[in-house]
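Below: my_file28.cif (mmCIF, C-alpha atoms)
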data_query
#
loop_
_atom_site.label_atom_id
_atom_site.label_comp_id
_atom_site.auth_asym_id
_atom_site.auth_seq_id
_atom_site.Cartn_x
_atom_site.Cartn_y
_atom_site.Cartn_z
CA MET E 1 9.88 4.26 -30.93
CA SER E 2 7.98 5.65 -33.91
CA ALA E 3 8.80 2.55 -35.91
CA LYS E 4 6.21 0.55 -33.98
CA THR E 5 3.67 -0.95 -36.33
CA PRO E 6 -0.08 -1.17 -35.76
CA GLU E 7 0.41 -4.88 -35.02
CA SER E 8 2.41 -4.13 -31.90
CA ALA E 9 -0.21 -1.66 -30.64
CA TYR E 10 -2.67 -4.45 -31.18
CA ALA E 11 -0.41 -6.80 -29.24
CA GLU E 12 -0.33 -4.34 -26.33
CA LEU E 13 -4.11 -4.24 -26.43
CA VAL E 14 -4.57 -7.99 -26.47
CA LYS E 15 -2.05 -8.94 -23.82
CA GLY E 16 -4.13 -7.35 -21.06
CA LEU E 17 -7.17 -9.39 -21.93
CA TRP E 18 -5.89 -12.75 -20.89
CA GLU E 19 -2.14 -13.38 -20.98
CA GLU E 20 -1.40 -10.58 -18.52
CA ASN E 21 -4.88 -10.22 -17.14
CA PRO E 22 -4.56 -7.78 -14.22
CA VAL E 23 -6.74 -9.69 -11.78
CA PHE E 24 -6.25 -13.35 -12.63
CA ILE E 25 -2.60 -13.38 -13.63
CA GLN E 26 -0.93 -10.33 -12.10
CA VAL E 27 -3.24 -10.23 -9.06
CA LEU E 28 -3.28 -6.44 -8.99
CA GLY E 29 -6.12 -4.13 -8.09
CA MET E 30 -7.59 -6.67 -5.75
CA CYS E 31 -9.34 -4.27 -3.39
CA PRO E 32 -11.99 -3.03 -5.82
CA ALA E 33 -12.03 -6.39 -7.57
CA LEU E 34 -13.29 -8.07 -4.43
CA ALA E 35 -15.14 -5.30 -2.65
CA VAL E 36 -17.77 -4.38 -5.22
CA THR E 37 -18.24 -7.58 -7.18
CA ASN E 38 -21.25 -8.94 -5.33
CA THR E 39 -23.28 -8.48 -8.51
CA ALA E 40 -22.32 -8.47 -12.18
CA VAL E 41 -23.71 -4.95 -12.71
CA ASN E 42 -21.55 -3.50 -9.94
CA GLY E 43 -18.54 -5.26 -11.43
CA LEU E 44 -19.33 -3.77 -14.82
CA ALA E 45 -19.71 -0.24 -13.44
CA MET E 46 -16.51 -0.48 -11.45
CA GLY E 47 -14.64 -1.94 -14.42
CA GLY E 48 -15.98 0.78 -16.69
CA ALA E 49 -14.93 3.55 -14.33
CA THR E 50 -11.47 2.02 -13.96
CA LEU E 51 -11.17 1.62 -17.74
CA PHE E 52 -11.99 5.30 -18.22
CA VAL E 53 -9.46 6.46 -15.63
CA MET E 54 -6.86 4.05 -16.98
CA VAL E 55 -7.10 5.17 -20.61
CA MET E 56 -7.31 8.89 -19.85
CA SER E 57 -4.38 8.91 -17.45
CA SER E 58 -2.29 6.71 -19.76
CA LEU E 59 -2.91 9.20 -22.55
CA MET E 60 -2.12 12.18 -20.37
CA ILE E 61 1.01 10.76 -18.79
CA SER E 62 2.51 9.32 -21.95
CA SER E 63 1.96 12.67 -23.67
CA LEU E 64 3.70 14.46 -20.83
CA ARG E 65 6.37 11.84 -20.23
CA LYS E 66 9.21 14.08 -21.41
CA VAL E 67 8.04 17.02 -19.31
CA ILE E 68 7.55 15.30 -15.97
CA PRO E 69 10.72 15.41 -13.83
CA ARG E 70 11.82 11.98 -12.63
CA GLN E 71 11.97 12.88 -8.95
CA VAL E 72 8.33 13.87 -8.64
CA ARG E 73 6.90 11.47 -11.18
CA ILE E 74 4.90 9.35 -8.72
CA SER E 75 3.22 12.38 -7.19
CA THR E 76 2.44 13.69 -10.65
CA TYR E 77 0.89 10.38 -11.67
CA ILE E 78 -1.24 10.34 -8.56
CA VAL E 79 -2.51 13.86 -9.09
CA VAL E 80 -3.38 13.08 -12.73
CA ILE E 81 -5.14 9.87 -11.72
CA ALA E 82 -6.99 11.60 -8.87
CA THR E 83 -8.27 14.24 -11.28
CA PHE E 84 -9.72 11.66 -13.64
CA VAL E 85 -11.21 9.69 -10.76
CA THR E 86 -12.97 12.83 -9.58
CA VAL E 87 -14.35 13.25 -13.09
CA ALA E 88 -15.51 9.61 -13.19
CA ASP E 89 -17.05 9.96 -9.74
CA MET E 90 -19.05 13.03 -10.76
CA LEU E 91 -20.13 11.43 -14.04
CA LEU E 92 -21.41 8.32 -12.28
CA GLU E 93 -23.18 10.40 -9.67
CA ALA E 94 -24.90 12.43 -12.38
CA PHE E 95 -25.96 9.60 -14.67
CA THR E 96 -26.36 6.51 -12.50
CA PRO E 97 -27.00 7.71 -8.94
CA LEU E 98 -28.15 4.25 -7.79
CA ILE E 99 -24.96 2.49 -8.80
CA HIS E 100 -22.92 5.38 -7.48
CA LYS E 101 -24.60 4.95 -4.10
CA GLU E 102 -23.97 1.23 -4.08
CA LEU E 103 -20.29 1.54 -4.95
CA GLY E 104 -19.86 4.40 -2.48
CA ALA E 105 -16.32 5.19 -1.48
CA PHE E 106 -14.91 2.54 -3.78
CA ILE E 107 -15.18 4.85 -6.79
CA SER E 108 -12.89 7.33 -5.05
CA LEU E 109 -10.63 4.45 -4.13
CA ILE E 110 -9.83 3.85 -7.81
CA VAL E 111 -7.10 6.44 -7.17
CA VAL E 112 -5.15 3.96 -5.12
CA ASN E 113 -5.75 0.99 -7.37
CA CYS E 114 -2.19 -0.32 -7.69
CA LEU E 115 -2.98 -1.53 -11.20
CA ILE E 116 -3.38 1.99 -12.59
CA LEU E 117 -0.33 3.48 -10.93
CA GLY E 118 1.63 0.37 -11.88
CA ARG E 119 0.78 0.71 -15.57
CA GLN E 120 1.69 4.41 -15.58
CA GLU E 121 5.06 3.69 -14.03
CA ALA E 122 5.82 0.54 -16.00
CA PHE E 123 4.37 1.42 -19.36
CA ALA E 124 2.85 4.84 -20.04
CA SER E 125 5.90 6.74 -18.83
CA LYS E 126 8.10 4.99 -21.39
CA ASN E 127 5.93 4.71 -24.48
CA THR E 128 4.15 6.82 -27.06
CA PRO E 129 0.59 7.93 -26.36
CA ARG E 130 -0.80 5.50 -28.92
CA MET E 131 0.88 2.49 -27.34
CA ALA E 132 -0.05 3.69 -23.86
CA VAL E 133 -3.71 4.04 -24.79
CA ALA E 134 -3.68 0.56 -26.34
CA ASP E 135 -2.11 -0.82 -23.18
CA GLY E 136 -4.56 1.05 -20.95
CA LEU E 137 -7.51 -0.15 -23.01
CA GLY E 138 -6.33 -3.74 -22.92
CA MET E 139 -5.65 -3.74 -19.19
CA GLY E 140 -8.92 -1.91 -18.49
CA ILE E 141 -10.96 -4.33 -20.56
CA GLY E 142 -9.19 -7.29 -18.97
CA PHE E 143 -9.93 -5.85 -15.55
CA THR E 144 -13.59 -5.27 -16.43
CA PHE E 145 -13.85 -8.79 -17.81
CA ALA E 146 -12.43 -10.25 -14.61
CA LEU E 147 -14.76 -8.15 -12.45
CA VAL E 148 -17.84 -9.13 -14.43
CA LEU E 149 -16.84 -12.79 -14.32
CA LEU E 150 -16.26 -12.61 -10.58
CA GLY E 151 -19.40 -10.56 -9.92
CA GLY E 152 -21.48 -12.80 -12.17
CA ALA E 153 -20.30 -15.97 -10.48
CA ARG E 154 -20.97 -14.52 -7.04
CA GLU E 155 -24.38 -13.22 -8.05
CA VAL E 156 -25.45 -16.53 -9.57
CA LEU E 157 -24.50 -18.47 -6.45
CA GLY E 158 -25.43 -15.85 -3.88
CA LYS E 159 -28.70 -14.57 -5.31
CA GLY E 160 -29.61 -17.08 -8.01
CA ALA E 161 -29.64 -14.28 -10.56
CA LEU E 162 -27.49 -12.74 -13.26
CA PHE E 163 -27.60 -9.00 -14.10
CA GLY E 164 -30.64 -8.88 -11.79
CA VAL E 165 -32.57 -11.53 -13.75
CA SER E 166 -33.60 -14.48 -11.64
CA LEU E 167 -32.31 -17.75 -13.07
CA PHE E 168 -33.50 -20.67 -11.03
CA GLY E 169 -36.91 -19.72 -9.64
CA ASP E 170 -37.97 -20.03 -6.01
CA ALA E 171 -36.68 -23.53 -5.44
CA PHE E 172 -33.05 -22.31 -5.40
CA GLU E 173 -31.58 -21.76 -1.98
CA PRO E 174 -29.06 -18.91 -2.41
CA TRP E 175 -25.58 -19.23 -0.94
CA ILE E 176 -25.78 -15.98 0.98
CA ILE E 177 -22.13 -16.29 1.91
CA MET E 178 -21.11 -15.66 -1.70
CA ILE E 179 -22.39 -12.08 -1.74
CA LEU E 180 -20.91 -11.37 1.70
CA PRO E 181 -17.21 -10.46 2.13
CA PRO E 182 -15.85 -14.02 2.60
CA GLY E 183 -17.45 -15.03 -0.69
CA GLY E 184 -15.22 -12.59 -2.54
CA PHE E 185 -12.03 -14.17 -1.24
CA LEU E 186 -13.31 -17.71 -1.70
CA MET E 187 -14.65 -17.16 -5.21
CA LEU E 188 -11.46 -15.56 -6.50
CA GLY E 189 -9.45 -18.31 -4.82
CA PHE E 190 -11.51 -21.02 -6.47
CA LEU E 191 -11.37 -19.28 -9.85
CA LEU E 192 -7.57 -19.06 -9.66
CA LEU E 193 -7.48 -22.71 -8.65
CA LEU E 194 -9.65 -23.60 -11.62
CA PHE E 195 -7.38 -21.71 -14.04
CA ALA E 196 -4.31 -23.33 -12.53
CA SER E 197 -5.75 -26.79 -12.93
CA VAL E 198 -6.82 -26.13 -16.51
CA LYS E 199 -3.32 -24.89 -17.27
CA GLU E 200 -1.73 -27.91 -15.67
CA ALA E 201 -3.99 -30.27 -17.58
CA LYS E 202 -3.03 -28.51 -20.80
CA GLU E 203 0.67 -28.75 -20.01
CA ASN E 204 0.37 -32.44 -19.23
CA LEU E 205 -1.37 -32.89 -22.55
CA ASN E 206 1.44 -31.12 -24.40
CA GLY E 207 4.03 -32.97 -22.38
CA SER E 208 6.13 -29.83 -21.88
CA PRO E 209 5.90 -28.19 -18.48
CA ALA E 210 6.64 -24.63 -19.57
CA ALA E 211 8.58 -22.56 -17.09
CA ASP E 212 6.23 -19.99 -15.63
CA THR E 213 7.14 -17.02 -13.45
CA SER E 214 3.74 -15.50 -12.89
CA ASP E 215 3.24 -17.39 -9.60
CA GLU E 216 6.44 -16.07 -8.17
CA ARG E 217 5.58 -12.56 -9.18
CA ALA E 218 2.24 -12.82 -7.44
CA ALA E 219 3.76 -14.20 -4.26
CA MET Z 1 -19.47 8.31 29.94
CA GLU Z 2 -21.73 8.26 26.94
CA ASP Z 3 -18.93 9.77 24.85
CA ASN Z 4 -16.40 7.23 26.04
CA LEU Z 5 -18.76 4.42 25.13
CA GLN Z 6 -19.21 5.94 21.69
CA LEU Z 7 -15.44 6.05 21.20
CA LEU Z 8 -15.13 2.46 22.37
CA TRP Z 9 -17.68 1.35 19.77
CA ILE Z 10 -15.88 3.23 17.04
CA PHE Z 11 -12.67 1.48 18.04
CA VAL Z 12 -14.13 -2.01 18.31
CA GLY Z 13 -16.16 -1.49 15.17
CA ALA Z 14 -13.09 -0.63 13.12
CA LEU Z 15 -10.92 -3.26 14.79
CA LEU Z 16 -13.16 -6.30 14.60
CA VAL Z 17 -16.67 -5.90 13.24
CA ASN Z 18 -15.87 -3.95 10.08
CA ASN Z 19 -12.26 -5.02 9.85
CA PHE Z 20 -10.74 -3.03 7.00
CA THR Z 21 -9.02 -5.95 5.38
CA LEU Z 22 -11.40 -8.79 5.96
CA SER Z 23 -14.77 -7.15 5.46
CA TYR Z 24 -14.02 -4.04 3.39
CA PHE Z 25 -11.20 -5.58 1.31
CA LEU Z 26 -8.92 -2.63 1.89
CA GLY Z 27 -5.16 -2.90 1.99
CA LEU Z 28 -5.10 -6.24 0.25
CA CYS Z 29 -1.81 -5.64 -1.55
CA PRO Z 30 0.30 -5.68 1.63
CA PHE Z 31 -2.08 -8.26 3.06
CA PHE Z 32 -1.00 -10.75 0.40
CA GLY Z 33 2.40 -9.28 -0.37
CA VAL Z 34 4.04 -8.93 3.04
CA SER Z 35 2.26 -11.59 5.03
CA GLY Z 36 4.90 -14.22 4.26
CA ARG Z 37 6.81 -13.58 7.48
CA LEU Z 38 5.40 -12.84 10.88
CA ASP Z 39 7.81 -10.14 12.06
CA THR Z 40 7.73 -8.15 8.81
CA ALA Z 41 3.95 -8.30 8.83
CA PHE Z 42 3.85 -6.96 12.36
CA ARG Z 43 6.19 -4.08 11.57
CA LEU Z 44 4.28 -3.14 8.46
CA GLY Z 45 1.14 -3.12 10.58
CA LEU Z 46 2.75 -0.69 13.00
CA ALA Z 47 3.90 1.58 10.16
CA ASN Z 48 0.34 1.49 8.90
CA ILE Z 49 -1.12 2.50 12.26
CA PHE Z 50 1.30 5.42 12.43
CA VAL Z 51 0.47 6.65 8.93
CA MET Z 52 -3.24 6.21 9.62
CA VAL Z 53 -3.23 8.32 12.76
CA ILE Z 54 -1.40 11.13 10.97
CA THR Z 55 -3.70 10.79 7.95
CA SER Z 56 -6.69 11.07 10.23
CA LEU Z 57 -5.33 14.27 11.78
CA CYS Z 58 -4.61 15.74 8.35
CA ALA Z 59 -8.05 14.76 7.10
CA SER Z 60 -9.71 16.44 10.08
CA PHE Z 61 -7.71 19.55 9.38
CA LEU Z 62 -8.57 19.55 5.67
CA ASN Z 63 -12.24 18.90 6.41
CA ALA Z 64 -12.39 21.78 8.81
CA PHE Z 65 -10.52 24.45 6.88
CA VAL Z 66 -10.03 23.66 3.21
CA LEU Z 67 -12.77 21.43 1.86
CA PRO Z 68 -15.83 23.53 2.76
CA HIS Z 69 -14.54 26.03 0.20
CA ALA Z 70 -13.56 23.54 -2.49
CA PRO Z 71 -15.31 20.17 -2.12
CA TYR Z 72 -14.17 18.98 -5.53
CA LEU Z 73 -10.57 19.03 -4.33
CA ARG Z 74 -11.30 16.42 -1.66
CA LEU Z 75 -9.72 13.44 -3.37
CA ILE Z 76 -6.68 15.29 -4.66
CA SER Z 77 -5.90 17.04 -1.40
CA PHE Z 78 -6.30 13.81 0.59
CA ILE Z 79 -3.97 11.88 -1.65
CA VAL Z 80 -1.32 14.59 -1.72
CA VAL Z 81 -1.35 14.90 2.06
CA ILE Z 82 -1.12 11.15 2.45
CA ALA Z 83 1.74 10.89 -0.01
CA SER Z 84 3.73 13.55 1.82
CA THR Z 85 3.06 11.87 5.15
CA VAL Z 86 4.37 8.59 3.86
CA GLN Z 87 7.45 10.29 2.48
CA PHE Z 88 8.05 11.72 5.94
CA VAL Z 89 7.60 8.36 7.66
CA GLU Z 90 10.00 6.81 5.20
CA MET Z 91 12.69 9.35 6.04
CA VAL Z 92 12.17 8.91 9.78
CA VAL Z 93 12.32 5.12 9.54
CA ARG Z 94 15.43 5.18 7.36
CA LYS Z 95 17.17 7.41 9.89
CA LEU Z 96 16.08 5.60 13.03
CA SER Z 97 16.06 1.97 11.97
CA PRO Z 98 17.84 0.97 8.76
CA VAL Z 99 17.12 -2.68 9.52
CA LEU Z 100 13.41 -2.04 9.60
CA PHE Z 101 13.72 0.06 6.48
CA ARG Z 102 15.29 -2.84 4.63
CA ALA Z 103 12.77 -5.31 6.02
CA LEU Z 104 9.81 -3.26 4.80
CA GLY Z 105 11.50 -2.56 1.49
CA ILE Z 106 9.23 -1.48 -1.30
CA PHE Z 107 6.12 -1.72 0.84
CA LEU Z 108 6.70 1.43 2.85
CA PRO Z 109 6.33 3.79 -0.11
CA LEU Z 110 3.52 1.61 -1.33
CA ILE Z 111 1.52 2.47 1.78
CA THR Z 112 0.64 5.55 -0.26
CA THR Z 113 -1.26 3.40 -2.71
CA ASN Z 114 -2.71 1.40 0.12
CA CYS Z 115 -6.42 1.86 -0.24
CA ALA Z 116 -6.91 1.47 3.50
CA ILE Z 117 -5.21 4.80 4.16
CA LEU Z 118 -7.29 6.79 1.70
CA ALA Z 119 -10.44 4.91 2.71
CA LEU Z 120 -9.81 5.89 6.30
CA ALA Z 121 -9.83 9.56 5.34
CA LEU Z 122 -12.93 9.12 3.17
CA PHE Z 123 -14.91 7.12 5.73
CA GLN Z 124 -13.98 9.56 8.44
CA THR Z 125 -15.33 12.36 6.28
CA SER Z 126 -18.53 10.63 5.26
CA ARG Z 127 -19.31 9.59 8.85
CA GLY Z 128 -18.62 13.08 10.16
CA TYR Z 129 -16.08 12.10 12.81
CA GLY Z 130 -14.37 14.84 14.79
CA VAL Z 131 -10.66 14.98 15.61
CA LEU Z 132 -10.76 12.65 18.63
CA GLU Z 133 -13.18 10.21 17.02
CA GLY Z 134 -10.98 10.24 13.94
CA ILE Z 135 -7.89 9.27 15.91
CA VAL Z 136 -9.73 6.47 17.69
CA PHE Z 137 -11.07 5.28 14.36
CA ALA Z 138 -7.55 5.32 12.89
CA LEU Z 139 -6.19 3.34 15.83
CA GLY Z 140 -8.95 0.78 15.50
CA ALA Z 141 -8.61 0.47 11.76
CA GLY Z 142 -4.82 0.25 11.91
CA GLY Z 143 -5.04 -2.28 14.71
CA GLY Z 144 -7.50 -4.32 12.68
CA LEU Z 145 -5.16 -4.26 9.71
CA THR Z 146 -2.23 -5.34 11.87
CA LEU Z 147 -4.34 -8.09 13.40
CA ALA Z 148 -5.35 -9.40 10.01
CA LEU Z 149 -1.76 -9.20 8.71
CA VAL Z 150 -0.34 -11.04 11.71
CA LEU Z 151 -3.01 -13.75 11.65
CA MET Z 152 -2.46 -14.24 7.94
CA ALA Z 153 1.32 -14.36 8.31
CA GLY Z 154 1.05 -16.92 11.08
CA LEU Z 155 -1.23 -19.11 9.01
CA ARG Z 156 1.02 -18.83 5.99
CA GLU Z 157 4.11 -19.77 7.96
CA GLU Z 158 2.25 -22.86 9.11
CA ALA Z 159 1.11 -23.61 5.59
CA GLU Z 160 4.69 -23.41 4.29
CA LEU Z 161 5.52 -26.48 6.37
CA SER Z 162 2.40 -28.44 5.61
CA ASN Z 163 1.94 -30.91 2.86
CA ILE Z 164 -0.23 -28.99 0.41
CA PRO Z 165 -0.85 -29.97 -3.21
CA GLY Z 166 1.37 -27.88 -5.48
CA ILE Z 167 -1.43 -26.64 -7.67
CA ILE Z 168 -3.13 -24.64 -4.92
CA ARG Z 169 0.06 -23.15 -3.48
CA GLY Z 170 0.45 -19.41 -3.90
CA THR Z 171 -2.29 -16.89 -4.48
CA ALA Z 172 -5.20 -19.30 -4.62
CA MET Z 173 -4.37 -20.78 -1.24
CA ASN Z 174 -3.86 -17.35 0.31
CA LEU Z 175 -7.22 -16.20 -0.97
CA ILE Z 176 -8.99 -19.22 0.43
CA ILE Z 177 -7.25 -18.80 3.79
CA ALA Z 178 -8.34 -15.15 3.76
CA GLY Z 179 -11.89 -16.22 2.97
CA ILE Z 180 -11.97 -18.51 5.97
CA LEU Z 181 -10.48 -15.77 8.19
CA SER Z 182 -13.10 -13.37 6.90
CA LEU Z 183 -15.80 -15.91 7.75
CA ALA Z 184 -14.45 -16.08 11.28
CA PHE Z 185 -14.51 -12.30 11.59
CA MET Z 186 -18.15 -12.25 10.51
CA GLY Z 187 -18.84 -13.77 13.90
CA PHE Z 188 -18.05 -10.39 15.46
CA ALA Z 189 -21.01 -8.85 13.65
CA GLY Z 190 -23.20 -9.86 16.58
CA LEU Z 191 -21.29 -7.56 18.95
CA PHE Z 192 -23.23 -4.46 18.03
CA SER Z 193 -26.79 -5.71 18.17
CA ALA Z 194 -26.04 -7.02 21.65
CA SER Z 195 -25.24 -3.53 22.93
#
Show how you would write the structure in this file as structure tokens.
Amino acid sequence: MSAKTPESAYAELVKGLWEENPVFIQVLGMCPALAVTNTAVNGLAMGGATLFVMVMSSLMISSLRKVIPRQVRISTYIVVIATFVTVADMLLEAFTPLIHKELGAFISLIVVNCLILGRQEAFASKNTPRMAVADGLGMGIGFTFALVLLGGAREVLGKGALFGVSLFGDAFEPWIIMILPPGGFLMLGFLLLLFASVKEAKENLNGSPAADTSDERAA
Amino acid sequence: MEDNLQLLWIFVGALLVNNFTLSYFLGLCPFFGVSGRLDTAFRLGLANIFVMVITSLCASFLNAFVLPHAPYLRLISFIVVIASTVQFVEMVVRKLSPVLFRALGIFLPLITTNCAILALALFQTSRGYGVLEGIVFALGAGGGLTLALVLMAGLREEAELSNIPGIIRGTAMNLIIAGILSLAFMGFAGLFSAS
């Protein structure tokens, strides 16, 4: 375990960004990903809070991995995660009350984000703190990236703005539906479709249809 | 009479207008994970309703006796109570109906990490519902979740047999179906202003 080189920590960090991107590839943590991404700023705040919880609980759990009894590990993970979510909730409330109000209960709901619990069970509980933090960072950044992309796309179409800055002037008729609940489902669906078609085009170009299991895992 | 009407609105509101899955995006993991088959979806929905009602009772209890003294423990106490409840349901189901237990598989313990359950407790707290209102709210929300699951499973079973381009099959198609369902449920938003 201790023989791991810095390169592999780096690899753990990078894999979350795209290859195993939590939202687009693994399709985990969908509830917050869709619920709060009606603007790019909300997506960023949500992603940031999740990143914080992810890294801190990865660090904590991987440090304690030899102490935690197997039978009660899930409960232990949840209590650790809930503690850090409470911290994140209070921090956001203190420093950015407006965003905190807009995100509402969804900050508390980070506790039950399957992505975080999944990473603790699958990775942090079996690896050294350094690797776990790298993994948590990578997954958290990948998650934030996906949320900002999703929120940005919805904001541009639904409000004609990005990060609150108007883009098209008054002539643009906003697609209100995109910032309403159905828009979240539709936008993520279309984004996944876009990625799938890009991937297929690439494979056709290379002439080697690589076997891929990610679809089956998602379904 | 007035009270009954209030309860009815809470129920209908949670069931249709603010459907947990389709307008709050809660409980999406089972929504996409278990909605492949109609009967499994229905059973998971029922398990969810059961857990929700018990969660609501526990949350009322915690709100009344524990949390006024230690508000910062809200999240942790909710999640621990919910986790124990789910453990209990799992044992009961395993004892009473092994077939159902196998059918639900991994998703029964995962109800713990179902955001809908925790959200129910949180919403109930932030809206100041009492015990009775809480139970009605849980029934409505659980019913809404079941409704969404069953509708989705039905649509997906149909889609399995249809001629759909391979590239959209899987998650993308499910998301777009969910988007259209969610659009349809937006139609219920008019119910309240009419009252």
Define the interface residues of chain E facing chain Z as those within 8 Å, counting only C-alpha atoms, and report them as a ChimeraX atom specification.
/E:28-32,34-35,75,78-79,82-83,86,105,108-109,111-114,181-186,188-190,192-193,196-197,215,218-219
Residues from the last selection, C-alpha atoms, saved as a PDB file, keeping the file's coordinate frame:
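Generated file (result.pdb):
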ATOM      1  CA  LEU E  28      -3.280  -6.440  -8.990  1.00  0.00           C
ATOM      2  CA  GLY E  29      -6.120  -4.130  -8.090  1.00  0.00           C
ATOM      3  CA  MET E  30      -7.590  -6.670  -5.750  1.00  0.00           C
ATOM      4  CA  CYS E  31      -9.340  -4.270  -3.390  1.00  0.00           C
ATOM      5  CA  PRO E  32     -11.990  -3.030  -5.820  1.00  0.00           C
ATOM      6  CA  LEU E  34     -13.290  -8.070  -4.430  1.00  0.00           C
ATOM      7  CA  ALA E  35     -15.140  -5.300  -2.650  1.00  0.00           C
ATOM      8  CA  SER E  75       3.220  12.380  -7.190  1.00  0.00           C
ATOM      9  CA  ILE E  78      -1.240  10.340  -8.560  1.00  0.00           C
ATOM     10  CA  VAL E  79      -2.510  13.860  -9.090  1.00  0.00           C
ATOM     11  CA  ALA E  82      -6.990  11.600  -8.870  1.00  0.00           C
ATOM     12  CA  THR E  83      -8.270  14.240 -11.280  1.00  0.00           C
ATOM     13  CA  THR E  86     -12.970  12.830  -9.580  1.00  0.00           C
ATOM     14  CA  ALA E 105     -16.320   5.190  -1.480  1.00  0.00           C
ATOM     15  CA  SER E 108     -12.890   7.330  -5.050  1.00  0.00           C
ATOM     16  CA  LEU E 109     -10.630   4.450  -4.130  1.00  0.00           C
ATOM     17  CA  VAL E 111      -7.100   6.440  -7.170  1.00  0.00           C
ATOM     18  CA  VAL E 112      -5.150   3.960  -5.120  1.00  0.00           C
ATOM     19  CA  ASN E 113      -5.750   0.990  -7.370  1.00  0.00           C
ATOM     20  CA  CYS E 114      -2.190  -0.320  -7.690  1.00  0.00           C
ATOM     21  CA  PRO E 181     -17.210 -10.460   2.130  1.00  0.00           C
ATOM     22  CA  PRO E 182     -15.850 -14.020   2.600  1.00  0.00           C
ATOM     23  CA  GLY E 183     -17.450 -15.030  -0.690  1.00  0.00           C
ATOM     24  CA  GLY E 184     -15.220 -12.590  -2.540  1.00  0.00           C
ATOM     25  CA  PHE E 185     -12.030 -14.170  -1.240  1.00  0.00           C
ATOM     26  CA  LEU E 186     -13.310 -17.710  -1.700  1.00  0.00           C
ATOM     27  CA  LEU E 188     -11.460 -15.560  -6.500  1.00  0.00           C
ATOM     28  CA  GLY E 189      -9.450 -18.310  -4.820  1.00  0.00           C
ATOM     29  CA  PHE E 190     -11.510 -21.020  -6.470  1.00  0.00           C
ATOM     30  CA  LEU E 192      -7.570 -19.060  -9.660  1.00  0.00           C
ATOM     31  CA  LEU E 193      -7.480 -22.710  -8.650  1.00  0.00           C
ATOM     32  CA  ALA E 196      -4.310 -23.330 -12.530  1.00  0.00           C
ATOM     33  CA  SER E 197      -5.750 -26.790 -12.930  1.00  0.00           C
ATOM     34  CA  ASP E 215       3.240 -17.390  -9.600  1.00  0.00           C
ATOM     35  CA  ALA E 218       2.240 -12.820  -7.440  1.00  0.00           C
ATOM     36  CA  ALA E 219       3.760 -14.200  -4.260  1.00  0.00           C
TER      37      ALA E 219
END
Identify all residues satisfying the PyMOL selection byres ((chain E and resi 145-159) around 10) in the given file; provide them as an MDAnalysis selection string.
chainID E and resid 17:18 21:24 30 32:48 139:144 160:168 172:180 183:184 186:188 191
Could you expand the PyMOL selection byres ((chain E and resi 65) around 12) into the explicit residues it covers here, written as a ChimeraX atom specification?
/E:57-64,66-70,72-74,76-77,120-121,123-129,132
Show me the residues around (1.5, 5.5, 7.4) - criterion: an atom at most 10 Å away, only C-alpha atoms counted - as an MDAnalysis selection string.
chainID Z and resid 44:55 82:83 85:90 108:112 114 117 142
Would you kindly translate the PyMOL selection byres ((chain Z and resi 14) around 9) into the concrete residues it picks from this file, as a list in words?
Trp9, Ile10, Phe11, Val12, Gly13, Leu15, Leu16, Val17, Asn18, Asn19, Phe20, Phe137, Ala138, Leu139, Gly140, Ala141, Gly142, Gly143 and Gly144 of chain Z
Atomic separation - CA of Gln26 (chain E) relative to CA of Gly154 (chain Z), Å
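Computed distance, CA of Gly154 (chain Z) to CA of Gln26 (chain E), equals 24.2 Å.
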Kindly give the distance, in Å, that separates CA of Phe42 (chain Z) and CA of Gln6 (chain Z), rounded to a single decimal.
28.0 Å
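A straight line drawn from CA of Leu91 (chain E) to CA of Leu13 (chain E) is 25.6 Å long.
Checking Z:Arg37, Z:Gly190, Z:Asn4, Z:Ala59 one by one against Gly128 (chain Z), counting all atoms listed in the file, you find the shortest gap at Z:Ala59.
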